[in-house]
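See below for entry_12.cif, which holds mmCIF, C-alpha atoms.
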```cif
data_my_file
#
loop_
_atom_site.group_PDB
_atom_site.id
_atom_site.type_symbol
_atom_site.label_atom_id
_atom_site.label_comp_id
_atom_site.auth_asym_id
_atom_site.auth_seq_id
_atom_site.Cartn_x
_atom_site.Cartn_y
_atom_site.Cartn_z
ATOM 1 C CA MET Q 25 140.732 52.749 331.540
ATOM 2 C CA SER Q 26 138.951 55.006 329.101
ATOM 3 C CA ASP Q 27 135.816 53.828 327.349
ATOM 4 C CA GLU Q 28 136.602 55.973 324.324
ATOM 5 C CA ARG Q 29 137.121 53.999 321.146
ATOM 6 C CA PRO Q 30 138.825 55.185 318.014
ATOM 7 C CA GLU Q 31 136.373 56.545 315.505
ATOM 8 C CA GLN Q 32 135.702 54.071 312.720
ATOM 9 C CA ALA Q 33 135.068 55.195 309.183
ATOM 10 C CA THR Q 34 131.415 54.830 308.320
ATOM 11 C CA PRO Q 35 130.307 53.630 304.905
ATOM 12 C CA GLU Q 36 129.094 57.168 304.199
ATOM 13 C CA LYS Q 37 132.547 58.652 304.854
ATOM 14 C CA THR Q 38 134.250 55.984 302.812
ATOM 15 C CA SER Q 39 132.034 56.643 299.815
ATOM 16 C CA LEU Q 40 132.582 60.384 300.148
ATOM 17 C CA GLU Q 41 136.318 59.907 300.233
ATOM 18 C CA LYS Q 42 136.250 57.772 297.103
ATOM 19 C CA ALA Q 43 133.790 59.957 295.187
ATOM 20 C CA PRO Q 44 136.350 62.523 293.893
ATOM 21 C CA GLN Q 45 138.404 59.678 292.421
ATOM 22 C CA GLN Q 46 135.491 58.290 290.397
ATOM 23 C CA GLN Q 47 134.640 60.771 287.692
ATOM 24 C CA PRO Q 48 131.338 59.946 285.962
ATOM 25 C CA ARG Q 49 131.456 59.247 282.267
ATOM 26 C CA ALA Q 50 128.836 61.919 281.678
ATOM 27 C CA ALA Q 51 131.123 64.564 283.221
ATOM 28 C CA ALA Q 52 134.015 63.389 281.072
ATOM 29 C CA ALA Q 53 131.839 63.595 277.957
ATOM 30 C CA ALA Q 54 130.641 67.077 278.905
ATOM 31 C CA SER Q 55 134.231 68.305 279.050
ATOM 32 C CA MET Q 56 134.795 67.286 275.425
ATOM 33 C CA ARG Q 57 135.297 70.129 272.969
ATOM 34 C CA ALA Q 58 132.259 70.880 270.819
ATOM 35 C CA SER Q 59 132.394 71.119 267.037
ATOM 36 C CA ASP Q 60 130.800 73.643 264.681
ATOM 37 C CA ALA Q 61 128.104 71.077 263.880
ATOM 38 C CA ASP Q 62 127.270 70.765 267.608
ATOM 39 C CA ARG Q 63 126.886 74.531 267.921
ATOM 40 C CA GLU Q 64 124.700 74.708 264.821
ATOM 41 C CA ARG Q 65 122.369 72.023 266.201
ATOM 42 C CA VAL Q 66 121.942 74.031 269.399
ATOM 43 C CA VAL Q 67 121.231 77.198 267.409
ATOM 44 C CA GLU Q 68 118.637 75.336 265.335
ATOM 45 C CA ARG Q 69 116.936 74.132 268.522
ATOM 46 C CA LEU Q 70 116.876 77.715 269.852
ATOM 47 C CA ARG Q 71 115.261 78.927 266.620
ATOM 48 C CA ASP Q 72 112.566 76.282 267.005
ATOM 49 C CA ALA Q 73 111.992 77.394 270.600
ATOM 50 C CA VAL Q 74 111.400 80.973 269.432
ATOM 51 C CA ALA Q 75 108.911 79.791 266.815
ATOM 52 C CA GLU Q 76 107.107 77.735 269.472
ATOM 53 C CA GLY Q 77 106.877 80.747 271.801
ATOM 54 C CA ARG Q 78 109.137 79.231 274.465
ATOM 55 C CA LEU Q 79 111.783 81.981 274.170
ATOM 56 C CA ASP Q 80 111.462 85.682 273.464
ATOM 57 C CA MET Q 81 113.866 87.508 271.180
ATOM 58 C CA ALA Q 82 115.989 88.866 274.034
ATOM 59 C CA GLU Q 83 116.548 85.371 275.449
ATOM 60 C CA PHE Q 84 117.185 83.997 271.977
ATOM 61 C CA GLU Q 85 119.850 86.593 271.172
ATOM 62 C CA GLU Q 86 121.541 86.040 274.530
ATOM 63 C CA ARG Q 87 121.670 82.264 274.095
ATOM 64 C CA LEU Q 88 122.634 82.566 270.446
ATOM 65 C CA GLU Q 89 125.713 84.573 271.333
ATOM 66 C CA ALA Q 90 126.605 82.118 274.099
ATOM 67 C CA ALA Q 91 126.208 79.153 271.716
ATOM 68 C CA TYR Q 92 128.707 80.488 269.208
ATOM 69 C CA LYS Q 93 131.184 81.243 272.020
ATOM 70 C CA SER Q 94 130.866 77.795 273.619
ATOM 71 C CA ARG Q 95 133.836 75.470 273.374
ATOM 72 C CA THR Q 96 132.691 72.377 275.271
ATOM 73 C CA TYR Q 97 129.511 70.337 275.691
ATOM 74 C CA ALA Q 98 129.275 71.577 279.276
ATOM 75 C CA GLU Q 99 128.890 75.142 278.000
ATOM 76 C CA LEU Q 100 126.271 74.143 275.419
ATOM 77 C CA GLU Q 101 124.131 72.032 277.739
ATOM 78 C CA PRO Q 102 122.537 74.871 279.803
ATOM 79 C CA LEU Q 103 121.398 76.659 276.626
ATOM 80 C CA THR Q 104 118.761 74.001 275.874
ATOM 81 C CA GLY Q 105 118.535 72.307 279.277
ATOM 82 C CA ASP Q 106 115.160 73.944 280.062
ATOM 83 C CA LEU Q 107 113.681 73.127 276.643
ATOM 84 C CA PRO Q 108 111.840 69.889 275.825
ATOM 85 C CA ALA Q 109 113.557 67.347 273.635
ATOM 86 C CA PRO Q 110 112.878 67.873 269.925
ATOM 87 C CA GLU Q 111 110.489 65.518 268.188
ATOM 88 C CA SER Q 112 112.835 65.008 265.243
ATOM 89 C CA SER Q 113 115.759 62.696 265.859
ATOM 90 C CA SER Q 114 117.956 64.937 263.685
ATOM 91 C CA ALA Q 115 117.548 67.869 266.062
ATOM 92 C CA PHE Q 116 119.957 68.340 268.921
ATOM 93 C CA SER Q 117 119.192 68.236 272.608
ATOM 94 C CA TYR Q 118 121.496 68.499 275.579
ATOM 95 C CA ALA Q 119 119.131 67.072 278.159
ATOM 96 C CA PRO Q 120 120.919 65.424 281.109
ATOM 97 C CA GLY Q 121 122.217 62.070 279.986
ATOM 98 C CA ALA Q 122 121.825 62.782 276.256
ATOM 99 C CA VAL Q 123 125.536 63.302 275.772
ATOM 100 C CA SER Q 124 126.503 60.180 277.691
ATOM 101 C CA ALA Q 125 123.939 58.066 275.830
ATOM 102 C CA THR Q 126 125.197 59.182 272.423
ATOM 103 C CA SER Q 127 128.870 59.097 273.283
ATOM 104 C CA SER Q 128 128.998 55.941 275.410
ATOM 105 C CA SER Q 129 130.246 53.890 272.470
ATOM 106 C CA TRP Q 130 132.993 56.435 271.797
ATOM 107 C CA GLN Q 131 133.996 56.693 275.452
ATOM 108 C CA SER Q 132 134.845 53.006 275.486
ATOM 109 C CA ARG Q 133 137.299 53.635 272.647
ATOM 110 C CA ILE Q 134 139.099 56.615 274.190
ATOM 111 C CA GLY Q 135 141.991 55.876 276.535
ATOM 112 C CA GLY Q 136 144.916 53.509 276.783
ATOM 113 C CA THR Q 137 148.474 53.539 275.543
ATOM 114 C CA SER Q 138 150.022 52.810 272.177
ATOM 115 C CA ALA Q 139 153.051 50.618 271.582
ATOM 116 C CA SER Q 140 154.154 52.713 268.603
ATOM 117 C CA SER Q 141 154.020 56.440 267.892
ATOM 118 C CA SER Q 142 155.527 56.498 264.384
ATOM 119 C CA ALA Q 143 155.636 54.682 261.056
ATOM 120 C CA VAL Q 144 158.308 55.078 258.364
ATOM 121 C CA ALA Q 145 158.358 53.782 254.795
ATOM 122 C CA ILE Q 146 161.517 54.320 252.702
ATOM 123 C CA MET Q 147 161.085 52.736 249.281
ATOM 124 C CA SER Q 148 158.650 50.401 251.019
ATOM 125 C CA GLY Q 149 155.340 50.614 252.831
ATOM 126 C CA PHE Q 150 153.690 50.522 256.238
ATOM 127 C CA GLN Q 151 150.203 49.672 257.429
ATOM 128 C CA ARG Q 152 148.248 50.210 260.639
ATOM 129 C CA LYS Q 153 144.773 48.714 260.650
ATOM 130 C CA GLY Q 154 142.403 46.620 262.699
ATOM 131 C CA HIS Q 155 142.448 46.934 266.493
ATOM 132 C CA TRP Q 156 145.248 49.312 267.483
ATOM 133 C CA THR Q 157 145.576 52.430 269.641
ATOM 134 C CA VAL Q 158 146.248 55.778 268.003
ATOM 135 C CA PRO Q 159 148.580 57.790 270.259
ATOM 136 C CA ALA Q 160 147.997 61.452 271.028
ATOM 137 C CA GLN Q 161 150.826 62.290 268.617
ATOM 138 C CA PHE Q 162 151.584 60.016 265.659
ATOM 139 C CA ASN Q 163 154.253 60.646 263.007
ATOM 140 C CA ALA Q 164 154.084 59.029 259.551
ATOM 141 C CA VAL Q 165 156.828 59.352 256.923
ATOM 142 C CA ALA Q 166 156.711 57.978 253.370
ATOM 143 C CA PHE Q 167 159.748 58.488 251.095
ATOM 144 C CA TRP Q 168 159.435 56.779 247.727
ATOM 145 C CA GLY Q 169 156.894 54.541 249.363
ATOM 146 C CA GLY Q 170 153.394 54.444 250.768
ATOM 147 C CA GLY Q 171 151.531 53.994 253.996
ATOM 148 C CA GLU Q 172 148.016 53.232 255.197
ATOM 149 C CA LEU Q 173 146.468 54.292 258.511
ATOM 150 C CA ASP Q 174 143.045 52.752 259.094
ATOM 151 C CA LEU Q 175 141.311 54.183 262.179
ATOM 152 C CA ARG Q 176 137.914 52.528 261.697
ATOM 153 C CA GLU Q 177 138.456 49.857 264.362
ATOM 154 C CA ALA Q 178 141.130 51.669 266.351
ATOM 155 C CA ASP Q 179 141.065 53.070 269.878
ATOM 156 C CA PHE Q 180 142.293 56.569 270.676
ATOM 157 C CA ALA Q 181 144.728 57.400 273.456
ATOM 158 C CA ALA Q 182 143.218 60.884 273.863
ATOM 159 C CA PRO Q 183 140.046 62.745 272.829
ATOM 160 C CA GLU Q 184 142.183 64.682 270.352
ATOM 161 C CA VAL Q 185 144.964 63.038 268.352
ATOM 162 C CA VAL Q 186 147.415 64.670 265.951
ATOM 163 C CA ILE Q 187 148.784 62.782 262.959
ATOM 164 C CA THR Q 188 151.773 64.462 261.308
ATOM 165 C CA CYS Q 189 152.417 63.185 257.781
ATOM 166 C CA VAL Q 190 155.473 63.760 255.610
ATOM 167 C CA ALA Q 191 155.106 62.351 252.093
ATOM 168 C CA ILE Q 192 158.041 62.864 249.723
ATOM 169 C CA MET Q 193 157.487 61.263 246.332
ATOM 170 C CA GLY Q 194 155.174 58.902 248.130
ATOM 171 C CA GLY Q 195 151.688 58.713 249.541
ATOM 172 C CA ILE Q 196 149.851 58.212 252.817
ATOM 173 C CA GLU Q 197 146.178 57.259 253.093
ATOM 174 C CA ILE Q 198 144.186 57.826 256.288
ATOM 175 C CA THR Q 199 140.726 56.300 256.789
ATOM 176 C CA VAL Q 200 138.510 57.403 259.682
ATOM 177 C CA PRO Q 201 135.063 56.104 260.721
ATOM 178 C CA PRO Q 202 131.905 58.240 260.384
ATOM 179 C CA GLY Q 203 131.227 60.562 263.295
ATOM 180 C CA VAL Q 204 134.870 61.450 263.925
ATOM 181 C CA GLU Q 205 135.726 65.122 263.529
ATOM 182 C CA VAL Q 206 138.618 65.607 261.105
ATOM 183 C CA ASP Q 207 140.732 68.754 260.736
ATOM 184 C CA VAL Q 208 143.227 68.705 257.838
ATOM 185 C CA ARG Q 209 145.935 71.378 257.985
ATOM 186 C CA GLY Q 210 148.695 69.972 255.775
ATOM 187 C CA ILE Q 211 150.709 71.845 253.151
ATOM 188 C CA GLY Q 212 151.256 70.523 249.638
ATOM 189 C CA VAL Q 213 154.240 71.493 247.462
ATOM 190 C CA MET Q 214 153.774 69.990 244.008
ATOM 191 C CA GLY Q 215 151.590 67.584 245.925
ATOM 192 C CA GLY Q 216 148.520 67.841 248.062
ATOM 193 C CA PHE Q 217 146.425 66.960 251.079
ATOM 194 C CA ASP Q 218 143.196 65.564 249.646
ATOM 195 C CA GLN Q 219 140.276 65.846 252.042
ATOM 196 C CA GLY Q 220 137.679 64.640 249.575
ATOM 197 C CA ARG Q 221 133.927 65.097 249.680
ATOM 198 C CA SER Q 222 133.598 62.121 251.999
ATOM 199 C CA LEU Q 223 134.742 64.306 254.913
ATOM 200 C CA GLU Q 224 131.389 66.102 254.862
ATOM 201 C CA ASN Q 225 130.149 63.924 257.710
ATOM 202 C CA ARG Q 226 128.584 65.197 260.910
ATOM 203 C CA PRO Q 227 130.753 64.771 264.030
ATOM 204 C CA GLU Q 228 129.059 62.908 266.866
ATOM 205 C CA PRO Q 229 129.091 64.083 270.512
ATOM 206 C CA GLY Q 230 131.894 62.407 272.424
ATOM 207 C CA ALA Q 231 133.712 61.257 269.288
ATOM 208 C CA PRO Q 232 137.461 61.854 269.098
ATOM 209 C CA ARG Q 233 138.978 64.629 267.005
ATOM 210 C CA VAL Q 234 141.686 63.838 264.465
ATOM 211 C CA ILE Q 235 144.041 66.591 263.295
ATOM 212 C CA VAL Q 236 146.114 65.817 260.198
ATOM 213 C CA ASN Q 237 149.014 68.125 259.385
ATOM 214 C CA GLY Q 238 152.430 67.932 257.759
ATOM 215 C CA LEU Q 239 153.952 68.268 254.294
ATOM 216 C CA ALA Q 240 153.451 66.586 250.927
ATOM 217 C CA PHE Q 241 156.280 67.189 248.421
ATOM 218 C CA TRP Q 242 155.822 65.500 245.078
ATOM 219 C CA GLY Q 243 153.468 63.223 246.923
ATOM 220 C CA GLY Q 244 150.098 63.192 248.570
ATOM 221 C CA VAL Q 245 148.143 62.563 251.739
ATOM 222 C CA ALA Q 246 144.552 61.383 251.290
ATOM 223 C CA VAL Q 247 142.027 61.470 254.126
ATOM 224 C CA LYS Q 248 138.662 59.768 253.699
ATOM 225 C CA VAL Q 249 135.691 58.741 255.808
ATOM 226 C CA LYS Q 250 134.495 55.178 255.420
ATOM 227 C CA ALA Q 251 132.242 52.913 257.454
ATOM 228 C CA PRO Q 252 133.841 49.900 259.205
ATOM 229 C CA LYS Q 253 133.855 46.607 257.369
ATOM 230 C CA PRO Q 254 130.970 44.221 258.160
ATOM 231 C CA PRO Q 255 131.845 41.173 260.285
ATOM 232 C CA LYS Q 256 133.097 38.168 258.351
ATOM 233 C CA ARG Q 257 130.877 35.133 257.934
ATOM 234 C CA PRO Q 258 131.904 32.029 259.853
ATOM 235 C CA LYS Q 259 133.698 29.299 257.952
ATOM 236 C CA GLY Q 260 131.575 26.649 256.309
ATOM 237 C CA GLY Q 261 129.390 29.034 254.311
ATOM 238 C CA LYS Q 262 126.673 29.333 256.970
ATOM 239 C CA ASP Q 263 125.160 32.373 258.567
ATOM 240 C CA LEU Q 264 125.061 32.888 262.301
ATOM 241 C CA ASP Q 265 121.433 31.753 262.371
ATOM 242 C CA GLY Q 266 122.383 28.366 260.952
ATOM 243 C CA GLY Q 267 121.113 28.923 257.406
ATOM 244 C CA GLU Q 268 123.347 28.501 254.419
ATOM 245 C CA SER Q 269 124.620 31.674 252.831
ATOM 246 C CA ARG Q 270 123.396 32.533 249.392
ATOM 247 C CA LYS Q 271 125.810 32.517 246.520
ATOM 248 C CA GLU Q 272 126.218 35.774 244.651
ATOM 249 C CA LEU Q 273 127.458 36.274 241.159
#
```
Here is a file; write its structure as structure tokens.
Amino acid sequence: MSDERPEQATPEKTSLEKAPQQQPRAAAAASMRASDADRERVVERLRDAVAEGRLDMAEFEERLEAAYKSRTYAELEPLTGDLPAPESSSAFSYAPGAVSATSSSWQSRIGGTSASSSAVAIMSGFQRKGHWTVPAQFNAVAFWGGGELDLREADFAAPEVVITCVAIMGGIEITVPPGVEVDVRGIGVMGGFDQGRSLENRPEPGAPRVIVNGLAFWGGVAVKVKAPKPPKRPKGGKDLDGGESRKEL
């Protein structure tokens, strides 16, 4: 009889075999596409580094060109990875873990499936609000009617979602939370796609990107940025700390 025994998988081998299947959240966040605001924050940090004497002009010009060509967070990270974090909280830093810390709240809202990928209102209306999942491609049609898409408490099936709106003698209103990057590409014929000044918000790292396109004919599509509603007070007129709520005129 042979004393040889079949080789048993060690804990080290088992963990190595499972490692490729477990992608870290930080790596997933780094693969997100960067926005113009993200690139500008990196450029501002590079300018500060030149003023502080940490970079010479040749290094600055090389990194500046790379920053404007970058498309993802992973490409932006090495440009400031060897620089100390800025003192101001408004400055941008891609130190290891910075992206995952900022985008962890968004990562929990990206993923999943949606039960519906379209909404139609013909001489009527539709509404999507509260906790729902926005699919990667959503179609909204309003003919002699109106519709409301509220994304403030919604999850997103993909990092980038496309909402195609067709408003004919009707209107569609889309509300997104602050930090979400919005790209409006619709066409208006005797109507319009109203982006509004409220869209001048700064996209956050890891936040989803919402593309709104389509057609408005004798109608309109309005896109606005608005903060989520505050939580409702419990019944009985008392705050969570047990005190009675104050009456307001």
Axis-aligned box for all listed atoms of range 85-96 of chain Q, 3 Å per side, centre and edges in Å to one decimal, as AutoDock Vina command-line options:
```
--center_x 126.8 --center_y 79.5 --center_z 272.2 --size_x 20.0 --size_y 20.2 --size_z 12.1
```
Calculate how many Å separate CA of Tyr97 in chain Q from CA of Ser141 in chain Q, rounding to one decimal.
->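 So the two atoms, CA of Tyr97 in chain Q and CA of Ser141 in chain Q, lie 29.2 Å apart.
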What is the CA of Arg226 in chain Q to CA of Ala61 in chain Q distance in Å?
->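 Between CA of Arg226 in chain Q and CA of Ala61 in chain Q the gap is 6.6 Å.
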Specify as a list in words each residue included when the PyMOL selection byres ((chain Q and resi 198) around 7) is applied to this file.
-> Glu172, Leu173, Asp174, Ile196, Glu197, Thr199, Val200, Ala246, Val247 and Lys248 of chain Q
Atom pair CA of Asp207 in chain Q / CA of Glu99 in chain Q: separation (Å) =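 Taking CA of Asp207 in chain Q as the start and CA of Glu99 in chain Q as the end point, the length is 21.9 Å.
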Can you pull out every residue within 8 Å of Phe84 in chain Q, counting only C-alpha atoms, but drop anything in the same chain fewer than 6 positions away, and send it as a ChimeraX atom specification?
-> /Q:70-71,74
Write a file of the selected residues as a PDB file, keeping the file's coordinate frame, keeping C-alpha atoms.
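Dumped everything to result_23.pdb:
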```pdb
ATOM      1  CA  LEU Q  70     116.876  77.715 269.852  1.00  0.00           C
ATOM      2  CA  ARG Q  71     115.261  78.927 266.620  1.00  0.00           C
ATOM      3  CA  VAL Q  74     111.400  80.973 269.432  1.00  0.00           C
TER       4      VAL Q  74
END
```
